[in-house]
Amino acid sequence: MIHTHALTRDFVLGRGQTVHAVRGIGLHVDAGELVAVLGPNGAGKTTTMRMLTTLITPTSGTATVAGHDVVREPGQVRRRIGYVGQGNGAGHAQRVRDELTTQGRIYGLDRRDARRRADELLDALDLGDLATRKVSDLSGGQRRRLDVAMGLVHRPPLLFLDEPSTGLDPQNRANLWDHVLRMRAAADMTIVLTTHYMDEADSMAERVVIVDHGEIIADDSAAALKAKLAGDRIVLTVEGADAARLAGLLERLPGARDVVVDGGRVAAHVGNGPAALPELLRAAVAADVRVGTALLHQPTLDDVFLALTGRSLREGEPGGAADPQDRKVAA
Ligand SMILES: Nc1ncnc2c1ncn2[C@@H]1O[C@H](COP(=O)(O)OP(=O)(O)OP(=O)(O)O)[C@@H](O)[C@H]1O
């Protein structure tokens, strides 16, 4: 459904400055996949999506989307994709049903089909009661659902969502996802989304593509990324003299590595935390080692990003997301 090769986009800022926003991305998405593109501010997620949706042209490299080249056949690509950008696409003064009907007309439906499609989408996205409301009177969550409906009017097999849930509260985020996943199942759609929310990428997407400084630095299922790059970690406290013995027991667990003893605190990475922890506690009881507390830390995608880059994906934290400015170089 999507194939890119060495896809690159530079922005020339003047005064001899160029931003290398996307640096040679190779991305392959099969039909039916739900892929989340995750990365810090300025990583190049939106620029990549804007190239794939034909809104901007690549500086170099190639991209085929839904079977058509984004530069040579942008019209063919547009017919086959839906795009929900970061800003709200709907006009403020329009009424909700009219806005959807107009969108259908723009995509070539006759008046009757456009109305029918608008009603289908109002129903599917729970907007039926709001059909005659002005777009400007909708709440943030309702607006976002309307944006998604607008992107789906022409039944695209491939939907791009650029930060669909940014700014929504947790309940509205969950509600939006509920609708998107239902629409996906009903229409067998391929979905590519960008997000800042690690938990969202983790729970919704079957595949997570991590982008940093305009490059793909990891591409796999969230579970595989966490297992490969971060791993479960067990932390225990114990009576001081028993720490070395407990460390010895920890070392025998499957996949145990990085065993660290610090006073009465013993920590290690293990292969399968939920199975390893009870096994360790049983071994400790058998060896008469008195464990005070036991903690199992299962990694998040932030731990994966930290392992890959030495930085946190969370914004505003010390050592947090990269400053996008650091990619500016003299031309
Ligand atoms: N039109 C533009 N002109 C100049 N620089 C741009 C332009 N669009 C994007 N950039 C720069 O390209 C880099 C990548 O931006 P992009 O919007 O793709 O990042 P992003 O990963 O989507 O970030 P965010 O999560 O903040 O939306 C940034 O340094 C940004 O400032």
# chains A, B, ... in the order shown; residues from 1 in each chain; ligands from 1

call {"tool": "residues_around", "arguments": {"residues": "segment 160-170 of chain A", "least_positions_apart": "3", "cutoff": "8 Å", "atoms": "only C-alpha atoms", "output": "list in words"}}
result
Thr46, Met49, Thr53, Ile81, Gly82, Tyr83, Val84, Gly85, Gln86, Gly140, Gly141, Arg144, Arg173, Ala174, Leu176, Ile191, Val192, Leu193, Thr194, Thr195 and His196 of chain A

call {"tool": "closest_atom_pairs", "arguments": {"of": "chain A", "to": "ligand 1", "cutoff": "8 Å", "atoms": "only C-alpha atoms and all ligand atoms", "output": "Markdown table"}}
result
| residue | atom | partner | partner_atom_place_in_ligand_line | distance |
| --- | --- | --- | --- | --- |
| A:Asp10 | CA | ligand 1 | 12 (O) | 7.7 |
| A:Phe11 | CA | ligand 1 | 4 (C) | 4.9 |
| A:Val12 | CA | ligand 1 | 4 (C) | 6.8 |
| A:Leu13 | CA | ligand 1 | 4 (C) | 6.1 |
| A:Val19 | CA | ligand 1 | 5 (N) | 6.0 |
| A:His20 | CA | ligand 1 | 12 (O) | 6.8 |
| A:Ala21 | CA | ligand 1 | 12 (O) | 4.1 |
| A:Val22 | CA | ligand 1 | 14 (C) | 7.0 |
| A:Gly39 | CA | ligand 1 | 21 (O) | 6.0 |
| A:Pro40 | CA | ligand 1 | 25 (O) | 5.7 |
| A:Asn41 | CA | ligand 1 | 26 (O) | 3.4 |
| A:Gly42 | CA | ligand 1 | 19 (O) | 3.4 |
| A:Ala43 | CA | ligand 1 | 21 (O) | 3.6 |
| A:Gly44 | CA | ligand 1 | 18 (O) | 3.2 |
| A:Lys45 | CA | ligand 1 | 21 (O) | 3.8 |
| A:Thr46 | CA | ligand 1 | 22 (O) | 3.6 |
| A:Thr47 | CA | ligand 1 | 18 (O) | 3.6 |
| A:Thr48 | CA | ligand 1 | 18 (O) | 6.3 |
| A:Met49 | CA | ligand 1 | 18 (O) | 7.9 |
| A:Glu163 | CA | ligand 1 | 27 (O) | 7.8 |
| A:Thr194 | CA | ligand 1 | 22 (O) | 7.7 |
| A:Thr195 | CA | ligand 1 | 25 (O) | 7.3 |
| A:His196 | CA | ligand 1 | 25 (O) | 6.5 |
| A:Val211 | CA | ligand 1 | 21 (O) | 7.6 |
| A:Asp212 | CA | ligand 1 | 21 (O) | 7.9 |
| A:His213 | CA | ligand 1 | 14 (C) | 7.9 |
| A:Gly214 | CA | ligand 1 | 14 (C) | 7.0 |
| A:Pro324 | CA | ligand 1 | 29 (O) | 4.4 |
| A:Gln325 | CA | ligand 1 | 29 (O) | 5.9 |
| A:Arg327 | CA | ligand 1 | 29 (O) | 6.7 |
| A:Lys328 | CA | ligand 1 | 29 (O) | 7.6 |

call {"tool": "write_last_selection", "arguments": {"atoms": "N, CA and C atoms", "output": "JSON list (two decimals), in the first residue's frame"}}
result
[["chain", "number", "residue", "atom", "x", "y", "z"],
["A", 10, "ASP", "N", 14.04, 18.50, 2.25],
["A", 10, "ASP", "CA", 14.75, 19.63, 2.86],
["A", 10, "ASP", "C", 13.88, 20.87, 2.75],
["A", 11, "PHE", "N", 13.99, 21.75, 3.72],
["A", 11, "PHE", "CA", 13.37, 23.07, 3.62],
["A", 11, "PHE", "C", 14.48, 24.11, 3.64],
["A", 12, "VAL", "N", 14.51, 24.93, 2.61],
["A", 12, "VAL", "CA", 15.53, 25.99, 2.56],
["A", 12, "VAL", "C", 14.94, 27.21, 3.23],
["A", 13, "LEU", "N", 15.62, 27.68, 4.27],
["A", 13, "LEU", "CA", 15.08, 28.78, 5.06],
["A", 13, "LEU", "C", 15.62, 30.14, 4.63],
["A", 19, "VAL", "N", 16.81, 23.04, 6.54],
["A", 19, "VAL", "CA", 16.38, 22.04, 7.52],
["A", 19, "VAL", "C", 16.24, 20.72, 6.79],
["A", 20, "HIS", "N", 16.96, 19.72, 7.24],
["A", 20, "HIS", "CA", 16.83, 18.37, 6.67],
["A", 20, "HIS", "C", 15.71, 17.66, 7.46],
["A", 21, "ALA", "N", 14.47, 17.91, 7.05],
["A", 21, "ALA", "CA", 13.32, 17.44, 7.83],
["A", 21, "ALA", "C", 13.17, 15.93, 7.76],
["A", 22, "VAL", "N", 13.35, 15.37, 6.56],
["A", 22, "VAL", "CA", 13.23, 13.91, 6.37],
["A", 22, "VAL", "C", 14.45, 13.45, 5.60],
["A", 39, "GLY", "N", 7.38, 9.83, 17.33],
["A", 39, "GLY", "CA", 8.66, 10.53, 17.40],
["A", 39, "GLY", "C", 8.49, 11.86, 18.09],
["A", 40, "PRO", "N", 9.58, 12.47, 18.55],
["A", 40, "PRO", "CA", 9.49, 13.75, 19.25],
["A", 40, "PRO", "C", 9.09, 14.89, 18.30],
["A", 41, "ASN", "N", 8.82, 16.05, 18.86],
["A", 41, "ASN", "CA", 8.53, 17.24, 18.05],
["A", 41, "ASN", "C", 9.64, 17.46, 17.05],
["A", 42, "GLY", "N", 9.23, 17.73, 15.80],
["A", 42, "GLY", "CA", 10.23, 18.08, 14.80],
["A", 42, "GLY", "C", 10.97, 16.89, 14.22],
["A", 43, "ALA", "N", 10.50, 15.67, 14.51],
["A", 43, "ALA", "CA", 11.21, 14.47, 14.04],
["A", 43, "ALA", "C", 11.04, 14.26, 12.53],
["A", 44, "GLY", "N", 10.00, 14.86, 11.96],
["A", 44, "GLY", "CA", 9.77, 14.69, 10.52],
["A", 44, "GLY", "C", 8.53, 13.88, 10.19],
["A", 45, "LYS", "N", 7.68, 13.65, 11.19],
["A", 45, "LYS", "CA", 6.48, 12.81, 10.99],
["A", 45, "LYS", "C", 5.51, 13.49, 10.02],
["A", 46, "THR", "N", 5.18, 14.75, 10.31],
["A", 46, "THR", "CA", 4.19, 15.45, 9.48],
["A", 46, "THR", "C", 4.74, 15.66, 8.08],
["A", 47, "THR", "N", 6.00, 16.00, 7.97],
["A", 47, "THR", "CA", 6.60, 16.21, 6.64],
["A", 47, "THR", "C", 6.51, 14.93, 5.82],
["A", 48, "THR", "N", 6.78, 13.80, 6.45],
["A", 48, "THR", "CA", 6.67, 12.51, 5.74],
["A", 48, "THR", "C", 5.23, 12.30, 5.28],
["A", 49, "MET", "N", 4.30, 12.54, 6.20],
["A", 49, "MET", "CA", 2.88, 12.33, 5.86],
["A", 49, "MET", "C", 2.45, 13.28, 4.75],
["A", 163, "GLU", "N", -1.78, 13.10, 14.08],
["A", 163, "GLU", "CA", -2.08, 13.40, 15.48],
["A", 163, "GLU", "C", -3.58, 13.55, 15.71],
["A", 194, "THR", "N", 0.18, 9.50, 12.91],
["A", 194, "THR", "CA", 1.30, 10.00, 13.71],
["A", 194, "THR", "C", 0.75, 10.32, 15.08],
["A", 195, "THR", "N", 1.58, 10.17, 16.07],
["A", 195, "THR", "CA", 1.13, 10.48, 17.43],
["A", 195, "THR", "C", 2.32, 10.82, 18.32],
["A", 196, "HIS", "N", 2.02, 11.62, 19.34],
["A", 196, "HIS", "CA", 2.99, 11.85, 20.41],
["A", 196, "HIS", "C", 2.73, 10.91, 21.57],
["A", 211, "VAL", "N", 10.51, 7.52, 14.57],
["A", 211, "VAL", "CA", 11.26, 8.46, 13.74],
["A", 211, "VAL", "C", 11.99, 9.44, 14.64],
["A", 212, "ASP", "N", 13.24, 9.70, 14.33],
["A", 212, "ASP", "CA", 14.01, 10.69, 15.07],
["A", 212, "ASP", "C", 14.96, 11.38, 14.10],
["A", 213, "HIS", "N", 15.05, 12.70, 14.18],
["A", 213, "HIS", "CA", 15.94, 13.46, 13.28],
["A", 213, "HIS", "C", 15.73, 13.08, 11.82],
["A", 214, "GLY", "N", 14.47, 12.87, 11.43],
["A", 214, "GLY", "CA", 14.17, 12.63, 10.02],
["A", 214, "GLY", "C", 14.49, 11.23, 9.52],
["A", 324, "PRO", "N", 14.12, 20.63, 17.66],
["A", 324, "PRO", "CA", 14.14, 20.49, 16.21],
["A", 324, "PRO", "C", 15.20, 21.37, 15.55],
["A", 325, "GLN", "N", 15.57, 22.46, 16.25],
["A", 325, "GLN", "CA", 16.54, 23.37, 15.67],
["A", 325, "GLN", "C", 17.90, 22.69, 15.46],
["A", 327, "ARG", "N", 18.76, 20.35, 13.92],
["A", 327, "ARG", "CA", 19.03, 19.75, 12.63],
["A", 327, "ARG", "C", 19.37, 20.77, 11.56],
["A", 328, "LYS", "N", 19.31, 22.04, 11.95],
["A", 328, "LYS", "CA", 19.65, 23.05, 10.97],
["A", 328, "LYS", "C", 21.14, 23.02, 10.69]]

call {"tool": "residues_around", "arguments": {"residues": "segment 270-283 of chain A", "least_positions_apart": "5", "cutoff": "12 Å", "atoms": "only C-alpha atoms", "output": "ChimeraX atom specification"}}
result
/A:223,226-238,245-259,288-299

call {"tool": "write_last_selection", "arguments": {"atoms": "N, CA and C atoms", "output": "short mmCIF file (atom, residue, chain, number, x, y, z; two decimals), in the first residue's frame"}}
result
data_model
loop_
_atom_site.label_atom_id
_atom_site.label_comp_id
_atom_site.auth_asym_id
_atom_site.auth_seq_id
_atom_site.Cartn_x
_atom_site.Cartn_y
_atom_site.Cartn_z
N ALA A 223 5.34 -4.70 21.15
CA ALA A 223 5.81 -5.77 22.05
C ALA A 223 7.23 -6.19 21.68
N LYS A 226 9.76 -3.48 22.63
CA LYS A 226 10.00 -3.42 24.08
C LYS A 226 10.85 -4.60 24.53
N ALA A 227 10.54 -5.78 23.98
CA ALA A 227 11.30 -6.97 24.38
C ALA A 227 12.75 -6.87 23.91
N LYS A 228 12.94 -6.39 22.66
CA LYS A 228 14.28 -6.36 22.08
C LYS A 228 15.14 -5.26 22.68
N LEU A 229 14.53 -4.09 22.85
CA LEU A 229 15.33 -2.90 23.14
C LEU A 229 15.28 -2.45 24.60
N ALA A 230 14.29 -2.87 25.35
CA ALA A 230 14.22 -2.41 26.73
C ALA A 230 14.19 -3.61 27.68
N GLY A 231 13.15 -4.41 27.66
CA GLY A 231 13.09 -5.61 28.50
C GLY A 231 12.50 -5.34 29.87
N ASP A 232 11.96 -6.41 30.47
CA ASP A 232 11.40 -6.30 31.82
C ASP A 232 12.52 -6.16 32.84
N ARG A 233 12.21 -5.47 33.93
CA ARG A 233 13.23 -5.24 34.95
C ARG A 233 12.63 -5.56 36.32
N ILE A 234 13.39 -6.29 37.12
CA ILE A 234 12.93 -6.62 38.47
C ILE A 234 13.81 -5.85 39.45
N VAL A 235 13.18 -5.22 40.45
CA VAL A 235 13.93 -4.50 41.49
C VAL A 235 13.44 -5.01 42.84
N LEU A 236 14.37 -5.45 43.68
CA LEU A 236 13.97 -5.98 44.98
C LEU A 236 14.80 -5.33 46.08
N THR A 237 14.24 -5.29 47.28
CA THR A 237 15.05 -4.91 48.43
C THR A 237 15.12 -6.11 49.36
N VAL A 238 16.23 -6.16 50.08
CA VAL A 238 16.51 -7.36 50.87
C VAL A 238 17.38 -6.96 52.05
N ARG A 245 23.38 -13.05 47.77
CA ARG A 245 22.74 -14.35 47.52
C ARG A 245 21.54 -14.18 46.58
N LEU A 246 20.78 -13.08 46.83
CA LEU A 246 19.62 -12.84 45.95
C LEU A 246 20.08 -12.55 44.52
N ALA A 247 21.18 -11.82 44.41
CA ALA A 247 21.73 -11.52 43.07
C ALA A 247 22.09 -12.84 42.37
N GLY A 248 22.63 -13.78 43.13
CA GLY A 248 22.98 -15.10 42.57
C GLY A 248 21.74 -15.81 42.05
N LEU A 249 20.64 -15.72 42.80
CA LEU A 249 19.39 -16.36 42.36
C LEU A 249 18.85 -15.67 41.11
N LEU A 250 18.97 -14.32 41.11
CA LEU A 250 18.49 -13.55 39.95
C LEU A 250 19.23 -13.95 38.68
N GLU A 251 20.53 -14.13 38.83
CA GLU A 251 21.36 -14.47 37.65
C GLU A 251 20.92 -15.76 36.98
N ARG A 252 20.26 -16.63 37.75
CA ARG A 252 19.87 -17.94 37.18
C ARG A 252 18.56 -17.86 36.41
N LEU A 253 17.87 -16.72 36.50
CA LEU A 253 16.58 -16.62 35.80
C LEU A 253 16.81 -16.54 34.29
N PRO A 254 15.86 -17.09 33.50
CA PRO A 254 16.02 -17.03 32.03
C PRO A 254 16.13 -15.58 31.55
N GLY A 255 17.14 -15.34 30.75
CA GLY A 255 17.32 -14.01 30.13
C GLY A 255 17.83 -12.94 31.08
N ALA A 256 18.30 -13.34 32.29
CA ALA A 256 18.76 -12.33 33.26
C ALA A 256 20.04 -11.67 32.77
N ARG A 257 20.09 -10.34 32.89
CA ARG A 257 21.31 -9.59 32.54
C ARG A 257 21.34 -8.30 33.35
N ASP A 258 22.48 -7.65 33.31
CA ASP A 258 22.66 -6.37 34.00
C ASP A 258 22.27 -6.47 35.48
N VAL A 259 22.72 -7.51 36.18
CA VAL A 259 22.38 -7.63 37.60
C VAL A 259 23.21 -6.61 38.38
N ASP A 288 15.94 -19.28 51.96
CA ASP A 288 15.83 -18.50 53.20
C ASP A 288 16.41 -17.08 53.05
N VAL A 289 16.19 -16.50 51.86
CA VAL A 289 16.55 -15.09 51.64
C VAL A 289 15.29 -14.28 51.84
N ARG A 290 15.34 -13.28 52.76
CA ARG A 290 14.11 -12.55 53.12
C ARG A 290 13.98 -11.28 52.25
N VAL A 291 13.10 -11.38 51.26
CA VAL A 291 12.86 -10.25 50.36
C VAL A 291 11.91 -9.26 51.04
N GLY A 292 12.30 -7.96 51.05
CA GLY A 292 11.45 -6.93 51.66
C GLY A 292 10.38 -6.46 50.69
N THR A 293 10.80 -5.94 49.55
CA THR A 293 9.84 -5.48 48.52
C THR A 293 10.27 -6.02 47.16
N ALA A 294 9.29 -6.16 46.27
CA ALA A 294 9.60 -6.64 44.91
C ALA A 294 8.78 -5.82 43.91
N LEU A 295 9.47 -5.32 42.89
CA LEU A 295 8.81 -4.48 41.91
C LEU A 295 9.13 -5.01 40.51
N LEU A 296 8.09 -5.09 39.68
CA LEU A 296 8.33 -5.48 38.28
C LEU A 296 8.05 -4.26 37.41
N HIS A 297 9.06 -3.86 36.65
CA HIS A 297 8.88 -2.71 35.75
C HIS A 297 8.84 -3.24 34.33
N GLN A 298 7.68 -3.04 33.68
CA GLN A 298 7.60 -3.45 32.27
C GLN A 298 7.81 -2.22 31.40
N PRO A 299 8.59 -2.34 30.36
CA PRO A 299 9.00 -1.15 29.61
C PRO A 299 7.86 -0.52 28.82
#

call {"tool": "closest_residue", "arguments": {"among": "A:Ala307, A:Val65, A:Ala244, A:Met51", "to": "Ala284 of chain A", "atoms": "only C-alpha atoms"}}
result
A:Ala244

call {"tool": "closest_residue", "arguments": {"among": "A:Glu33, A:Glu99, A:Glu73, A:Asp126", "to": "Arg207 of chain A", "atoms": "only C-alpha atoms"}}
result
A:Glu33

call {"tool": "closest_residue", "arguments": {"among": "A:Val180, A:Thr4, A:Leu146, A:Arg133", "to": "Ile25 of chain A", "atoms": "only C-alpha atoms"}}
result
A:Thr4

call {"tool": "residues_around", "arguments": {"residues": "Gly104 of chain A", "least_positions_apart": "6", "cutoff": "7 Å", "atoms": "only C-alpha atoms", "output": "PDB file with C-alpha atoms, in the first residue's frame"}}
result
ATOM      1  CA  ALA A 114     -23.548  12.667  -1.205  1.00  0.00           C
ATOM      2  CA  VAL A 153     -16.419  10.459   2.523  1.00  0.00           C
ATOM      3  CA  HIS A 154     -14.965   8.857  -0.624  1.00  0.00           C
TER       4      HIS A 154
END

call {"tool": "atom_distance", "arguments": {"atom1": "atom CA of Pro74 of chain A", "atom2": "atom CA of Arg155 of chain A"}}
result
17.6 Å

call {"tool": "residues_around", "arguments": {"residues": "segment 75-78 of chain A", "least_positions_apart": "5", "cutoff": "8 Å", "atoms": "only C-alpha atoms", "output": "list in words"}}
result
Thr53, Thr54, Val65, Ala66, Gly67, His68, Asp69 and Val70 of chain A

call {"tool": "closest_residue", "arguments": {"among": "A:Val135, A:Ala243, A:Leu306, A:Leu152", "to": "Ile217 of chain A", "atoms": "only C-alpha atoms"}}
result
A:Leu306

call {"tool": "atom_distance", "arguments": {"atom1": "atom CA of Arg72 of chain A", "atom2": "atom CA of Thr57 of chain A"}}
result
10.2 Å

call {"tool": "closest_residue", "arguments": {"among": "A:Gln171, A:Ser60, A:Gln94, A:Thr101", "to": "Lys134 of chain A", "atoms": "only C-alpha atoms"}}
result
A:Gln94

call {"tool": "closest_residue", "arguments": {"among": "A:Leu159, A:Val35, A:Ala224, A:Ala149", "to": "Asp123 of chain A", "atoms": "only C-alpha atoms"}}
result
A:Ala149

call {"tool": "decode", "arguments": {"residues": "segment 172-192 of chain A", "atoms": "N, CA and C atoms", "output": "PDB file, in the first residue's frame"}}
result
ATOM      1  N   ASN A 172     -12.401  11.410  25.418  1.00  0.00           N
ATOM      2  CA  ASN A 172     -12.637  11.704  24.006  1.00  0.00           C
ATOM      3  C   ASN A 172     -11.650  10.980  23.104  1.00  0.00           C
ATOM      4  N   ARG A 173     -10.431  10.809  23.603  1.00  0.00           N
ATOM      5  CA  ARG A 173      -9.437  10.045  22.832  1.00  0.00           C
ATOM      6  C   ARG A 173      -9.930   8.619  22.656  1.00  0.00           C
ATOM      7  N   ALA A 174     -10.368   8.012  23.766  1.00  0.00           N
ATOM      8  CA  ALA A 174     -10.830   6.619  23.710  1.00  0.00           C
ATOM      9  C   ALA A 174     -12.035   6.508  22.778  1.00  0.00           C
ATOM     10  N   ASN A 175     -12.923   7.500  22.869  1.00  0.00           N
ATOM     11  CA  ASN A 175     -14.130   7.502  22.043  1.00  0.00           C
ATOM     12  C   ASN A 175     -13.771   7.608  20.550  1.00  0.00           C
ATOM     13  N   LEU A 176     -12.835   8.500  20.235  1.00  0.00           N
ATOM     14  CA  LEU A 176     -12.414   8.662  18.837  1.00  0.00           C
ATOM     15  C   LEU A 176     -11.828   7.352  18.308  1.00  0.00           C
ATOM     16  N   TRP A 177     -10.993   6.739  19.134  1.00  0.00           N
ATOM     17  CA  TRP A 177     -10.359   5.488  18.716  1.00  0.00           C
ATOM     18  C   TRP A 177     -11.363   4.375  18.492  1.00  0.00           C
ATOM     19  N   ASP A 178     -12.337   4.352  19.382  1.00  0.00           N
ATOM     20  CA  ASP A 178     -13.392   3.376  19.247  1.00  0.00           C
ATOM     21  C   ASP A 178     -14.039   3.484  17.857  1.00  0.00           C
ATOM     22  N   HIS A 179     -14.330   4.711  17.464  1.00  0.00           N
ATOM     23  CA  HIS A 179     -14.967   4.942  16.162  1.00  0.00           C
ATOM     24  C   HIS A 179     -14.028   4.600  15.006  1.00  0.00           C
ATOM     25  N   VAL A 180     -12.781   5.052  15.126  1.00  0.00           N
ATOM     26  CA  VAL A 180     -11.832   4.808  14.034  1.00  0.00           C
ATOM     27  C   VAL A 180     -11.634   3.301  13.841  1.00  0.00           C
ATOM     28  N   LEU A 181     -11.493   2.574  14.941  1.00  0.00           N
ATOM     29  CA  LEU A 181     -11.244   1.132  14.819  1.00  0.00           C
ATOM     30  C   LEU A 181     -12.470   0.407  14.242  1.00  0.00           C
ATOM     31  N   ARG A 182     -13.647   0.890  14.605  1.00  0.00           N
ATOM     32  CA  ARG A 182     -14.856   0.279  14.043  1.00  0.00           C
ATOM     33  C   ARG A 182     -14.957   0.534  12.535  1.00  0.00           C
ATOM     34  N   MET A 183     -14.648   1.781  12.147  1.00  0.00           N
ATOM     35  CA  MET A 183     -14.686   2.105  10.718  1.00  0.00           C
ATOM     36  C   MET A 183     -13.649   1.269   9.966  1.00  0.00           C
ATOM     37  N   ARG A 184     -12.515   1.103  10.598  1.00  0.00           N
ATOM     38  CA  ARG A 184     -11.441   0.329   9.962  1.00  0.00           C
ATOM     39  C   ARG A 184     -11.890  -1.118   9.732  1.00  0.00           C
ATOM     40  N   ALA A 185     -12.483  -1.711  10.757  1.00  0.00           N
ATOM     41  CA  ALA A 185     -12.920  -3.099  10.631  1.00  0.00           C
ATOM     42  C   ALA A 185     -14.005  -3.216   9.565  1.00  0.00           C
ATOM     43  N   ALA A 186     -14.924  -2.247   9.532  1.00  0.00           N
ATOM     44  CA  ALA A 186     -16.039  -2.327   8.590  1.00  0.00           C
ATOM     45  C   ALA A 186     -15.565  -2.168   7.148  1.00  0.00           C
ATOM     46  N   ALA A 187     -14.547  -1.302   6.939  1.00  0.00           N
ATOM     47  CA  ALA A 187     -14.147  -0.996   5.558  1.00  0.00           C
ATOM     48  C   ALA A 187     -12.820  -1.641   5.172  1.00  0.00           C
ATOM     49  N   ASP A 188     -12.213  -2.395   6.109  1.00  0.00           N
ATOM     50  CA  ASP A 188     -10.948  -3.064   5.826  1.00  0.00           C
ATOM     51  C   ASP A 188      -9.878  -2.058   5.368  1.00  0.00           C
ATOM     52  N   MET A 189      -9.764  -0.988   6.152  1.00  0.00           N
ATOM     53  CA  MET A 189      -8.874   0.106   5.759  1.00  0.00           C
ATOM     54  C   MET A 189      -7.453  -0.090   6.270  1.00  0.00           C
ATOM     55  N   THR A 190      -6.527   0.495   5.541  1.00  0.00           N
ATOM     56  CA  THR A 190      -5.159   0.609   6.023  1.00  0.00           C
ATOM     57  C   THR A 190      -5.060   1.985   6.697  1.00  0.00           C
ATOM     58  N   ILE A 191      -4.430   2.039   7.867  1.00  0.00           N
ATOM     59  CA  ILE A 191      -4.336   3.327   8.568  1.00  0.00           C
ATOM     60  C   ILE A 191      -2.885   3.614   8.945  1.00  0.00           C
ATOM     61  N   VAL A 192      -2.453   4.821   8.625  1.00  0.00           N
ATOM     62  CA  VAL A 192      -1.141   5.296   9.073  1.00  0.00           C
ATOM     63  C   VAL A 192      -1.403   6.556   9.885  1.00  0.00           C
TER      64      VAL A 192
END
